[in-house]
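Shown next: protein.txt, given as compact mmCIF, C-alpha atoms.
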# COMPACT_ATOMS: atom_id res chain seq x y z
CA MET F 1221 0.00 0.00 0.00
CA ALA F 1222 1.27 3.46 -0.84
CA LEU F 1223 -0.25 6.74 0.20
CA GLN F 1224 0.76 10.10 -1.10
CA GLY F 1225 -0.40 13.67 -0.93
CA THR F 1226 0.56 17.21 -0.07
CA LEU F 1227 1.26 18.71 3.33
CA ALA F 1228 -1.31 21.40 2.60
CA GLU F 1229 -3.99 18.72 2.43
CA LEU F 1230 -2.67 16.58 5.25
CA PRO F 1231 -0.12 18.18 7.58
CA LEU F 1232 2.60 15.90 8.85
CA LEU F 1233 1.46 15.78 12.46
CA ASP F 1234 -2.09 14.89 11.43
CA LEU F 1235 -0.68 12.13 9.29
CA LEU F 1236 1.43 10.80 12.16
CA GLU F 1237 -1.56 11.02 14.48
CA ILE F 1238 -3.47 8.74 12.09
CA PHE F 1239 -0.59 6.25 11.94
CA SER F 1240 -0.38 6.34 15.71
CA ARG F 1241 -4.09 5.78 16.17
CA TYR F 1242 -4.17 2.77 13.85
CA TYR F 1243 -0.81 1.32 14.93
CA ARG F 1244 0.56 1.56 11.40
CA SER F 1245 4.09 0.62 10.44
CA GLY F 1246 5.93 1.97 7.46
CA TRP F 1247 8.20 4.47 5.88
CA LEU F 1248 7.26 8.07 5.29
CA SER F 1249 9.21 10.37 3.04
CA VAL F 1250 8.49 14.10 3.13
CA GLU F 1251 9.78 16.44 0.45
CA SER F 1252 9.77 20.16 1.14
CA ALA F 1253 11.75 23.25 0.23
CA LYS F 1254 14.21 22.29 2.96
CA GLY F 1255 14.90 18.91 1.45
CA ARG F 1256 13.85 15.38 2.24
CA THR F 1257 13.03 13.87 5.60
CA GLU F 1258 12.58 10.15 6.12
CA ILE F 1259 10.56 8.88 9.04
CA TYR F 1260 10.15 5.25 10.09
CA ILE F 1261 7.13 4.16 12.04
CA ASP F 1262 6.66 0.91 13.91
CA ALA F 1263 3.17 0.05 15.16
CA GLY F 1264 2.31 3.73 15.44
CA ARG F 1265 5.56 4.67 17.19
CA ILE F 1266 8.18 6.79 15.49
CA ILE F 1267 11.49 4.99 15.64
CA TYR F 1268 13.80 6.81 13.29
CA ALA F 1269 13.95 10.11 11.41
CA GLU F 1270 16.59 11.70 9.31
CA SER F 1271 16.46 15.02 7.54
CA GLU F 1272 18.68 16.51 4.86
CA ALA F 1273 18.10 19.93 6.36
CA ASP F 1274 18.51 19.58 10.12
CA ARG F 1275 20.85 16.88 11.07
CA LYS F 1276 21.89 17.13 14.68
CA PRO F 1277 24.64 14.62 15.48
CA LEU F 1278 24.24 12.53 18.60
CA GLY F 1279 27.40 13.99 20.15
CA LYS F 1280 26.02 17.50 19.82
CA MET F 1281 22.74 16.45 21.41
CA LEU F 1282 24.55 14.91 24.37
CA LEU F 1283 26.65 18.05 24.72
CA GLY F 1284 23.54 20.21 24.59
CA ARG F 1285 21.91 18.22 27.37
CA GLY F 1286 25.03 18.47 29.51
CA LEU F 1287 25.43 14.69 29.49
CA LEU F 1288 28.86 14.82 27.96
CA SER F 1289 31.75 17.26 28.07
CA GLN F 1290 33.55 18.50 24.95
CA GLU F 1291 36.75 16.78 26.11
CA ARG F 1292 35.02 13.42 26.49
CA LEU F 1293 33.34 13.82 23.11
CA ASP F 1294 36.65 14.62 21.46
CA GLU F 1295 38.13 11.58 23.12
CA ALA F 1296 35.35 9.36 21.76
CA LEU F 1297 35.53 10.87 18.26
CA HIS F 1298 39.28 10.30 18.23
CA SER F 1299 38.77 6.72 19.27
CA GLN F 1300 36.08 6.27 16.60
CA LYS F 1301 38.48 7.57 13.94
CA SER F 1302 41.28 5.32 15.07
CA GLN F 1303 38.95 2.31 14.93
CA GLY F 1304 38.14 2.78 11.27
CA GLY F 1305 36.14 5.98 10.86
CA GLY F 1306 32.37 5.87 10.91
CA ARG F 1307 32.02 2.12 10.96
CA ARG F 1308 31.41 2.11 14.69
CA MET F 1309 28.51 4.10 15.90
CA LEU F 1310 29.35 6.93 18.26
CA GLY F 1311 26.66 5.94 20.73
CA GLU F 1312 27.98 2.42 21.04
CA LEU F 1313 31.50 3.68 21.51
CA LEU F 1314 30.43 6.12 24.21
CA LEU F 1315 28.68 3.28 25.99
CA GLU F 1316 31.69 1.03 25.71
CA LEU F 1317 33.96 3.74 27.08
CA GLY F 1318 31.55 4.22 29.94
CA LEU F 1319 31.19 7.92 29.18
CA VAL F 1320 27.39 7.84 29.06
CA THR F 1321 24.63 5.48 30.10
CA GLU F 1322 22.03 3.82 27.89
CA ALA F 1323 19.46 6.15 29.38
CA ASP F 1324 21.54 9.18 28.33
CA ILE F 1325 21.74 7.89 24.76
CA GLU F 1326 18.05 7.13 24.75
CA GLU F 1327 17.24 10.66 25.86
CA ALA F 1328 19.50 12.23 23.26
CA LEU F 1329 18.17 9.99 20.48
CA ALA F 1330 14.62 10.83 21.48
CA ASP F 1331 15.43 14.54 21.29
CA GLN F 1332 17.16 14.07 17.96
CA LEU F 1333 14.19 12.20 16.56
CA ALA F 1334 11.60 14.59 17.96
CA GLU F 1335 13.40 17.68 16.77
CA THR F 1336 13.77 16.34 13.24
CA VAL F 1337 10.11 15.37 12.99
CA TYR F 1338 8.84 18.53 14.64
CA ARG F 1339 10.93 20.80 12.42
CA THR F 1340 9.63 18.97 9.35
CA SER F 1341 6.08 19.34 10.62
CA LEU F 1342 6.46 23.13 10.47
CA GLU F 1343 6.66 22.93 6.69
CA SER F 1344 3.31 23.63 5.09
CA ASP F 1345 4.42 23.29 1.46
CA GLY F 1346 5.59 19.93 0.32
CA SER F 1347 4.53 16.40 -0.44
CA PHE F 1348 4.71 13.04 1.23
CA VAL F 1349 4.80 9.40 0.28
CA TYR F 1350 4.02 6.62 2.70
CA LYS F 1351 4.81 2.97 2.10
CA VAL F 1352 4.28 -0.06 4.21
CA ALA F 1353 7.83 -1.15 4.75
CA GLY F 1354 9.98 -2.61 7.45
CA TYR F 1355 12.86 -0.88 9.10
CA GLU F 1356 15.99 -2.40 10.46
CA PRO F 1357 17.49 -0.30 13.24
CA PRO F 1358 21.16 0.36 12.48
CA GLY F 1359 22.47 -2.30 14.82
CA SER F 1360 22.37 -0.02 17.81
CA LYS F 1361 21.82 -1.33 21.33
CA VAL F 1362 19.64 1.65 22.03
CA VAL F 1363 16.45 2.08 20.07
CA VAL F 1364 13.85 4.66 20.87
CA LYS F 1365 10.17 4.37 20.09
CA LEU F 1366 8.28 7.59 20.53
CA ARG F 1367 4.57 8.18 20.53
CA ILE F 1368 3.36 11.10 18.46
CA ASP F 1369 2.54 13.10 21.60
CA GLU F 1370 6.08 12.60 22.91
CA VAL F 1371 7.44 13.78 19.59
CA VAL F 1372 5.28 16.87 19.71
CA LEU F 1373 6.13 17.76 23.31
CA ARG F 1374 9.84 17.12 22.96
CA GLY F 1375 10.11 18.69 19.54
CA MET F 1376 8.06 21.74 20.46
CA ALA F 1377 10.01 22.29 23.66
CA ARG F 1378 13.31 22.14 21.79
CA VAL F 1379 12.44 24.04 18.65
CA GLU F 1380 10.30 26.77 20.18
CA ASP F 1381 12.87 27.30 22.94
CA MET F 1382 10.78 26.72 26.02
CA SER F 1383 13.83 26.83 28.26
CA HIS F 1384 12.70 30.11 29.84
CA LEU F 1385 9.58 28.34 31.10
CA GLY F 1386 11.66 26.06 33.29
CA ILE F 1387 9.27 23.16 32.81
CA GLY F 1388 11.74 20.48 31.85
CA LEU F 1389 10.47 17.54 29.91
CA LEU F 1390 6.73 17.17 29.82
CA SER F 1391 4.64 14.08 29.61
CA PHE F 1392 0.93 13.73 28.99
CA ARG F 1393 0.59 12.14 32.41
CA GLN F 1394 1.45 15.42 34.12
CA VAL F 1395 -1.26 17.52 35.67
CA PRO F 1396 -1.41 21.18 34.67
CA LEU F 1397 -2.58 23.77 37.18
CA LEU F 1398 -3.90 27.28 36.82
CA ALA F 1399 -1.14 29.70 37.74
CA ASP F 1400 -1.54 31.80 40.85
CA GLY F 1401 -3.07 35.16 40.15
CA VAL F 1402 -5.20 34.11 37.16
CA VAL F 1403 -8.36 35.85 38.21
CA ASN F 1404 -9.67 38.15 35.55
CA LEU F 1405 -10.23 35.85 32.62
CA LYS F 1406 -12.29 38.45 30.88
CA GLU F 1407 -9.24 40.49 30.09
CA LEU F 1408 -7.67 37.60 28.26
CA ASP F 1409 -7.93 37.26 24.54
CA LEU F 1410 -7.30 33.62 23.80
CA PRO F 1411 -8.07 31.45 20.79
CA PRO F 1412 -10.84 28.86 21.35
CA GLU F 1413 -8.39 25.97 21.54
CA GLU F 1414 -6.52 27.61 24.42
CA TRP F 1415 -9.77 28.45 26.19
CA LYS F 1416 -10.82 24.87 25.89
CA VAL F 1417 -7.62 23.57 27.43
CA LEU F 1418 -7.61 26.29 30.09
CA SER F 1419 -11.16 25.55 31.10
CA LEU F 1420 -10.51 21.84 31.41
CA ILE F 1421 -7.63 22.39 33.81
CA ASP F 1422 -8.96 21.51 37.24
CA GLY F 1423 -5.89 20.29 39.10
CA ARG F 1424 -7.00 16.70 38.67
CA ARG F 1425 -6.98 15.88 34.98
CA ASN F 1426 -3.66 15.10 33.36
CA LEU F 1427 -2.88 16.20 29.83
CA ASP F 1428 -4.16 12.97 28.32
CA GLU F 1429 -7.44 13.30 30.20
CA ILE F 1430 -7.76 16.91 29.07
CA THR F 1431 -7.18 15.81 25.48
CA LEU F 1432 -9.91 13.21 25.83
CA ALA F 1433 -12.39 15.45 27.65
CA GLY F 1434 -11.92 18.26 25.16
CA ASN F 1435 -12.10 15.97 22.13
CA LEU F 1436 -8.74 17.38 21.12
CA THR F 1437 -5.69 15.85 19.52
CA ARG F 1438 -2.53 15.56 21.55
CA PHE F 1439 -0.91 18.00 19.19
CA SER F 1440 -3.58 20.66 19.72
CA THR F 1441 -3.42 20.14 23.49
CA ALA F 1442 0.36 20.50 23.44
CA ARG F 1443 0.19 23.59 21.23
CA ALA F 1444 -2.37 25.25 23.51
CA LEU F 1445 -0.51 24.21 26.63
CA PHE F 1446 2.78 25.68 25.50
CA SER F 1447 1.08 28.91 24.59
CA LEU F 1448 -0.64 29.03 28.02
CA LEU F 1449 2.64 28.24 29.75
CA GLY F 1450 4.29 31.05 27.81
CA LYS F 1451 1.55 33.43 28.93
CA ARG F 1452 2.12 32.31 32.52
CA LEU F 1453 -1.50 31.27 32.87
CA VAL F 1454 -0.70 27.67 33.60
CA GLU F 1455 1.87 25.78 35.62
CA ILE F 1456 2.86 22.18 35.44
CA GLY F 1457 2.30 20.18 38.59
CA ILE F 1458 5.15 17.99 39.73
CA GLY F 1459 4.54 14.48 41.00
CA ALA F 1460 1.27 12.72 41.51
CA SER F 1461 -2.15 14.25 40.97
CA PRO F 1462 -3.47 16.08 43.99
CA PRO F 1463 -6.54 14.58 45.68
CA PRO F 1464 -9.88 15.63 44.23
CA VAL F 1465 -10.96 19.06 45.31
CA GLN F 1466 -13.83 18.91 47.77
CA ARG F 1467 -16.23 21.76 47.39
CA THR F 1468 -17.11 22.64 50.92
CA ALA F 1469 -18.51 26.10 50.59
CA ALA F 1470 -20.35 27.86 47.82
CA ILE F 1471 -18.86 31.06 46.52
CA GLN F 1472 -20.65 33.99 48.11
CA ALA F 1473 -22.71 36.15 45.83
CA ALA F 1474 -21.33 39.56 45.00
CA ARG F 1475 -23.05 42.50 46.69
CA PRO F 1476 -23.39 45.10 43.96
CA ASP F 1477 -23.77 48.71 44.93
CA PRO F 1478 -27.57 49.26 45.48
CA GLU F 1479 -27.46 52.59 43.70
CA THR F 1480 -25.93 50.98 40.60
CA LEU F 1481 -28.51 48.19 40.76
CA GLU F 1482 -31.43 50.60 41.11
CA ASN F 1483 -30.14 52.77 38.32
CA LEU F 1484 -29.71 49.79 36.06
CA LYS F 1485 -33.16 48.43 36.82
CA ARG F 1486 -34.74 51.83 36.07
CA THR F 1487 -32.85 52.07 32.77
CA LEU F 1488 -33.93 48.62 31.64
CA GLU F 1489 -37.55 49.12 32.73
CA GLY F 1490 -37.62 52.43 30.91
CA GLU F 1491 -36.34 50.77 27.77
CA GLU F 1492 -38.89 48.00 28.10
CA ASN F 1493 -41.75 50.47 28.36
CA ALA F 1494 -40.36 52.52 25.49
CA GLY F 1495 -40.05 49.37 23.36
CA MET L 1146 -18.84 57.76 37.93
CA PRO L 1147 -20.27 54.27 37.43
CA GLY L 1148 -19.48 51.69 40.12
CA LYS L 1149 -18.37 48.16 39.59
CA PRO L 1150 -20.49 46.46 36.92
CA VAL L 1151 -23.21 44.06 38.01
CA THR L 1152 -22.28 40.68 36.59
CA VAL L 1153 -25.09 38.40 35.46
CA LEU L 1154 -24.46 35.00 33.96
CA VAL L 1155 -26.84 33.58 31.34
CA LEU L 1156 -26.62 29.80 31.50
CA ALA L 1157 -28.17 27.21 29.25
CA ASP L 1158 -27.89 23.49 28.87
CA LYS L 1159 -27.45 24.19 25.17
CA PRO L 1160 -24.76 26.89 24.99
CA GLU L 1161 -26.17 28.24 21.74
CA LEU L 1162 -29.40 29.11 23.57
CA ALA L 1163 -27.46 31.25 26.06
CA LEU L 1164 -25.72 32.98 23.18
CA THR L 1165 -28.96 33.59 21.29
CA LEU L 1166 -30.50 35.15 24.39
CA LEU L 1167 -27.48 37.34 24.92
CA GLU L 1168 -27.60 38.48 21.34
CA SER L 1169 -31.32 39.28 21.69
CA PHE L 1170 -30.46 41.84 24.33
CA ARG L 1171 -30.39 45.19 22.58
CA PRO L 1172 -30.59 48.11 24.98
CA THR L 1173 -32.07 51.31 23.57
CA GLN L 1174 -31.06 53.99 26.08
CA GLY L 1175 -27.87 52.30 27.06
CA GLN L 1176 -25.61 50.62 24.63
CA ILE L 1177 -23.47 47.59 24.30
CA SER L 1178 -20.14 49.10 25.07
CA GLU L 1179 -18.21 45.96 24.52
CA LEU L 1180 -18.97 42.81 22.63
CA THR L 1181 -16.32 40.21 22.57
CA THR L 1182 -15.81 36.56 21.94
CA ILE L 1183 -13.03 36.26 24.45
CA TYR L 1184 -14.75 33.34 26.09
CA GLY L 1185 -14.20 31.49 22.88
CA PHE L 1186 -16.28 28.35 22.79
CA LEU L 1187 -17.72 29.23 26.18
CA GLY L 1188 -19.74 32.19 25.15
CA ARG L 1189 -19.55 35.95 25.08
CA TYR L 1190 -19.82 38.86 27.35
CA TYR L 1191 -21.32 42.29 26.98
CA HIS L 1192 -20.83 45.46 28.91
CA VAL L 1193 -24.10 47.31 28.61
CA ALA L 1194 -26.00 50.33 29.87
CA GLY L 1195 -22.98 52.53 30.34
CA GLY L 1196 -20.86 49.69 31.66
CA GLU L 1197 -23.16 49.05 34.62
CA LEU L 1198 -24.20 45.59 33.53
CA GLU L 1199 -21.93 42.79 32.48
CA LEU L 1200 -23.64 39.86 30.78
CA VAL L 1201 -21.84 36.59 30.28
CA ALA L 1202 -23.21 33.61 28.36
CA ALA L 1203 -22.02 30.13 29.25
CA PRO L 1204 -23.15 26.50 29.14
CA SER L 1205 -24.75 25.34 32.38
CA ASN L 1206 -23.15 21.91 32.51
CA SER L 1207 -20.40 21.03 34.93
CA ASP L 1208 -17.72 20.19 32.38
CA LEU L 1209 -15.70 23.30 33.05
CA PRO L 1210 -15.39 23.38 36.84
CA SER L 1211 -12.28 25.47 37.27
CA LEU L 1212 -13.45 28.14 34.89
CA PHE L 1213 -16.87 28.22 36.51
CA ASP L 1214 -15.28 28.73 39.90
CA LEU L 1215 -13.70 31.85 38.48
CA LEU L 1216 -16.90 32.99 36.78
CA ALA L 1217 -18.81 32.49 40.02
CA GLU L 1218 -16.51 34.93 41.80
CA GLY L 1219 -18.10 38.34 41.73
CA LEU L 1220 -21.35 37.03 40.30
CA ALA L 1221 -24.43 39.02 41.29
CA GLY L 1222 -26.90 36.47 39.96
CA TYR L 1223 -27.59 34.07 37.15
CA ILE L 1224 -30.31 33.28 34.69
CA VAL L 1225 -30.91 29.69 33.65
CA ALA L 1226 -32.54 29.43 30.26
CA VAL L 1227 -35.03 26.59 29.73
CA ASP L 1228 -36.40 25.66 26.33
CA CYS L 1229 -40.01 24.54 26.95
CA LEU L 1230 -40.06 22.64 23.67
CA ASP L 1231 -37.21 20.37 24.66
CA HIS L 1232 -38.08 18.58 27.89
CA SER L 1233 -35.65 15.77 27.03
CA ARG L 1234 -32.94 18.08 28.32
CA PHE L 1235 -34.59 18.71 31.68
CA PRO L 1236 -32.52 16.09 33.54
CA SER L 1237 -29.40 17.77 32.26
CA ILE L 1238 -30.74 21.21 33.26
CA ARG L 1239 -31.48 19.85 36.76
CA ALA L 1240 -27.90 18.56 36.96
CA GLY L 1241 -26.71 22.03 35.94
CA LEU L 1242 -28.84 23.63 38.67
CA ASP L 1243 -27.40 21.23 41.27
CA PHE L 1244 -23.90 22.09 40.14
CA TRP L 1245 -24.47 25.83 40.34
CA GLU L 1246 -26.17 25.54 43.72
CA LEU L 1247 -23.00 23.87 44.90
CA ILE L 1248 -20.58 26.47 43.65
CA SER L 1249 -22.46 29.74 43.94
CA ALA L 1250 -24.70 31.34 46.52
CA ALA L 1251 -25.80 33.96 43.99
CA PRO L 1252 -29.57 34.27 43.39
CA ARG L 1253 -30.96 32.79 40.21
CA ILE L 1254 -33.97 32.94 38.04
CA LEU L 1255 -35.29 30.50 35.47
CA ALA L 1256 -36.23 31.94 32.13
CA LEU L 1257 -38.55 30.05 29.80
CA THR L 1258 -38.24 30.27 26.05
CA ASN L 1259 -40.81 28.92 23.58
CA TYR L 1260 -43.31 28.73 26.48
CA ASP L 1261 -46.20 29.83 24.24
CA GLU L 1262 -45.69 27.25 21.51
CA PRO L 1263 -48.47 24.60 21.07
CA ASN L 1264 -46.29 21.68 22.20
CA ALA L 1265 -44.52 23.55 24.98
CA VAL L 1266 -44.30 22.24 28.52
CA ASP L 1267 -46.28 24.61 30.76
CA ARG L 1268 -44.77 26.54 33.65
CA LEU L 1269 -46.17 24.29 36.38
CA THR L 1270 -44.86 21.17 34.67
CA VAL L 1271 -41.49 22.84 34.26
CA ARG L 1272 -41.44 23.43 38.02
CA GLN L 1273 -42.33 19.82 38.70
CA LEU L 1274 -39.97 18.27 36.19
CA LEU L 1275 -37.06 20.41 37.31
CA ARG L 1276 -37.95 19.86 40.99
CA LEU L 1277 -37.82 23.58 41.69
CA SER L 1278 -38.22 24.92 45.20
CA VAL L 1279 -40.79 27.55 46.16
CA ASP L 1280 -37.98 30.11 46.20
CA ASP L 1281 -37.19 29.55 42.55
CA GLN L 1282 -38.65 32.25 40.35
CA VAL L 1283 -39.67 31.31 36.82
CA VAL L 1284 -40.29 34.00 34.23
CA PRO L 1285 -41.37 33.66 30.61
CA LEU L 1286 -39.28 35.29 27.93
CA PRO L 1287 -41.68 36.74 25.34
CA GLU L 1288 -40.16 36.24 21.89
CA GLY L 1289 -37.01 34.98 23.51
CA GLN L 1290 -36.09 38.41 24.84
CA LEU L 1291 -33.79 38.41 27.83
CA ARG L 1292 -34.80 41.77 29.32
CA PRO L 1293 -37.69 40.64 31.59
CA ALA L 1294 -35.48 38.01 33.18
CA ILE L 1295 -32.71 40.53 33.86
CA ILE L 1296 -35.16 42.98 35.41
CA SER L 1297 -36.69 40.27 37.62
CA LEU L 1298 -33.25 39.17 38.71
CA LEU L 1299 -32.20 42.73 39.54
CA LYS L 1300 -35.38 43.14 41.63
CA MET L 1301 -34.59 39.91 43.43
CA ILE L 1302 -31.04 41.05 44.19
CA LEU L 1303 -32.29 44.44 45.42
CA SER L 1304 -34.81 42.80 47.72
CA ARG L 1305 -32.21 40.59 49.41
CA PRO L 1306 -31.27 41.67 52.90
CA ARG L 1307 -27.83 43.24 53.08
CA GLU L 1308 -25.35 42.67 55.83
CA VAL L 1309 -24.52 45.86 57.68
Structure translated into structure tokens:
Amino acid sequence: MALQGTLAELPLLDLLEIFSRYYRSGWLSVESAKGRTEIYIDAGRIIYAESEADRKPLGKMLLGRGLLSQERLDEALHSQKSQGGGRRMLGELLLELGLVTEADIEEALADQLAETVYRTSLESDGSFVYKVAGYEPPGSKVVVKLRIDEVVLRGMARVEDMSHLGIGLLSFRQVPLLADGVVNLKELDLPPEEWKVLSLIDGRRNLDEITLAGNLTRFSTARALFSLLGKRLVEIGIGASPPPVQRTAAIQAARPDPETLENLKRTLEGEENAG
Amino acid sequence: MPGKPVTVLVLADKPELALTLLESFRPTQGQISELTTIYGFLGRYYHVAGGELELVAAPSNSDLPSLFDLLAEGLAGYIVAVDCLDHSRFPSIRAGLDFWELISAAPRILALTNYDEPNAVDRLTVRQLLRLSVDDQVVPLPEGQLRPAIISLLKMILSRPREV
């Protein structure tokens, strides 16, 4: 089976969402002005991506995450060269030298994968071809399999530079909270998608539950969440969900100024009689 | 110098009914000073009559608890719209009333639309089906106009004893 189309008709993340939902496996090639990106999918999970435009080497990713120093990287690259150039994979060599752990490599590979896919997803002009095909991982001990939501969260956090938000790595199992001081919602001008996510935040639902309750896609939830985080309207709860909120007292009614009330009533009655 | 606006929430089991009612409100002497869709899918709010009245439309269900907590703050009263031609929604309206009773002590009034249609549920049956208490006021909305309900609600708020 082959499927092809344009990104204008079917954006990449929508396409990946479909593959994820139906546990599809295959190979997806996306052609855009920035070049070609190849993405491999295994039972709905994204397992490998490579782009002509944005290739971030593993070493650079580990450096960026502070998991490896420049000296150690140079040492490993030197060793790789002396052992016959690129025949040995850097990740394997780093593991063998004990410079990083499997978990470190997994994290860096996940970032690499997510960033490549997310950057490609920002392209609105281009075409894609999907084929049912197998994929042999390149003999690495460490293989990552990311869900589409993980790709979106990781990729968005890296590409859109969310570092100033200090939220670290998000998962859809985390529980968002309304930020302190969010009181006058009427002064906010938010798109409907952000309102929907904001209104479903109750300190109990996690991001997956919000996605489900709002009939949203994980991508739209993530997009709205990052925007709300950037506007400082929402915070991310750390740890387990708090216990359900018990409503013990009703909110007291406001006591409007009687003069304002009377004046208003007279105005409206006058209008009614005039009408 | 106008004081703080009086905030009135227009709730309906079907959000579009709340919006239709809000849009039917066209003051003559005053004016809609602000019309916005900032509530997005939730509804809209108006500042009317020289900024003295703030009308907010919202669905009455309990799907949006945290936002409703915020809306309930500073609320002077609320109007619950009931479509007399659609009694299949009455259980849901009752659930909405229970929810709002729980979160807000503000006075409310029930406003009936389509009450004069041939197949409409009459006012007494509405009271029975919605299990309303004797304190619940029910007003008809001629031609779906919101004004009588707002006036009745304002009278109700004015008649409430004030703490000194």
Neighbour list for Leu1278 (chain F) as an MDAnalysis selection string, cut-off 8 Å, only C-alpha atoms, skip fewer than 6 positions in-chain: chainID F and resid 1310:1311 1328:1329 1332
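Atom pair CA of Leu1427 (chain F) / CA of Gly1264 (chain F) has a distance of 19.7 Å (rounded to one decimal).
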Counting only C-alpha atoms, chain F residues within 7 Å of chain L, as a PyMOL selection string: chain F and resi 1403+1406+1408-1412+1415+1419-1422+1470-1476+1478+1480-1481+1484-1485+1488+1491
Cut-off 9 Å around (-33.0, 40.0, 19.8) with all atoms listed in the file: residues as number ranges by chain: L: 1165-1171, 1288-1291
For Leu1248 (chain F): contacts at 9 Å, all atoms listed in the file, fewer than 6 positions along chain excluded, given as a count of residues only: 10
Contacts of Glu1326 (chain F) at 9 Å (all atoms listed in the file; same-chain gap of 5+ positions) as a list in words: Thr1321, Asp1331, Val1362, Val1363 and Val1364 of chain F
Could you check which residues have any atom within 12 Å of (11.0, 14.9, -0.9), counting all atoms listed in the file with coordinates taken straight from the file, and then list them as a tab-separated table (two decimals) with C-alpha atoms, keeping the file's coordinate frame?
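Just written: out.tsv:
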chain	number	residue	atom	x	y	z
F	1224	GLN	CA	0.76	10.10	-1.10
F	1225	GLY	CA	-0.40	13.67	-0.93
F	1226	THR	CA	0.56	17.21	-0.07
F	1227	LEU	CA	1.26	18.71	3.33
F	1248	LEU	CA	7.26	8.07	5.29
F	1249	SER	CA	9.21	10.37	3.04
F	1250	VAL	CA	8.49	14.10	3.13
F	1251	GLU	CA	9.78	16.44	0.45
F	1252	SER	CA	9.77	20.16	1.14
F	1253	ALA	CA	11.75	23.25	0.23
F	1254	LYS	CA	14.21	22.29	2.96
F	1255	GLY	CA	14.90	18.91	1.45
F	1256	ARG	CA	13.85	15.38	2.24
F	1257	THR	CA	13.03	13.87	5.60
F	1258	GLU	CA	12.58	10.15	6.12
F	1259	ILE	CA	10.56	8.88	9.04
F	1271	SER	CA	16.46	15.02	7.54
F	1272	GLU	CA	18.68	16.51	4.86
F	1273	ALA	CA	18.10	19.93	6.36
F	1340	THR	CA	9.63	18.97	9.35
F	1343	GLU	CA	6.66	22.93	6.69
F	1345	ASP	CA	4.42	23.29	1.46
F	1346	GLY	CA	5.59	19.93	0.32
F	1347	SER	CA	4.53	16.40	-0.44
F	1348	PHE	CA	4.71	13.04	1.23
F	1349	VAL	CA	4.80	9.40	0.28
F	1350	TYR	CA	4.02	6.62	2.70
Test item: residues at most 12 Å from Tyr1242 (chain F), only C-alpha atoms, excluding those fewer than 4 positions along its chain, as an NGL selection string: :F and (1235-1238 or 1246 or 1261-1265)
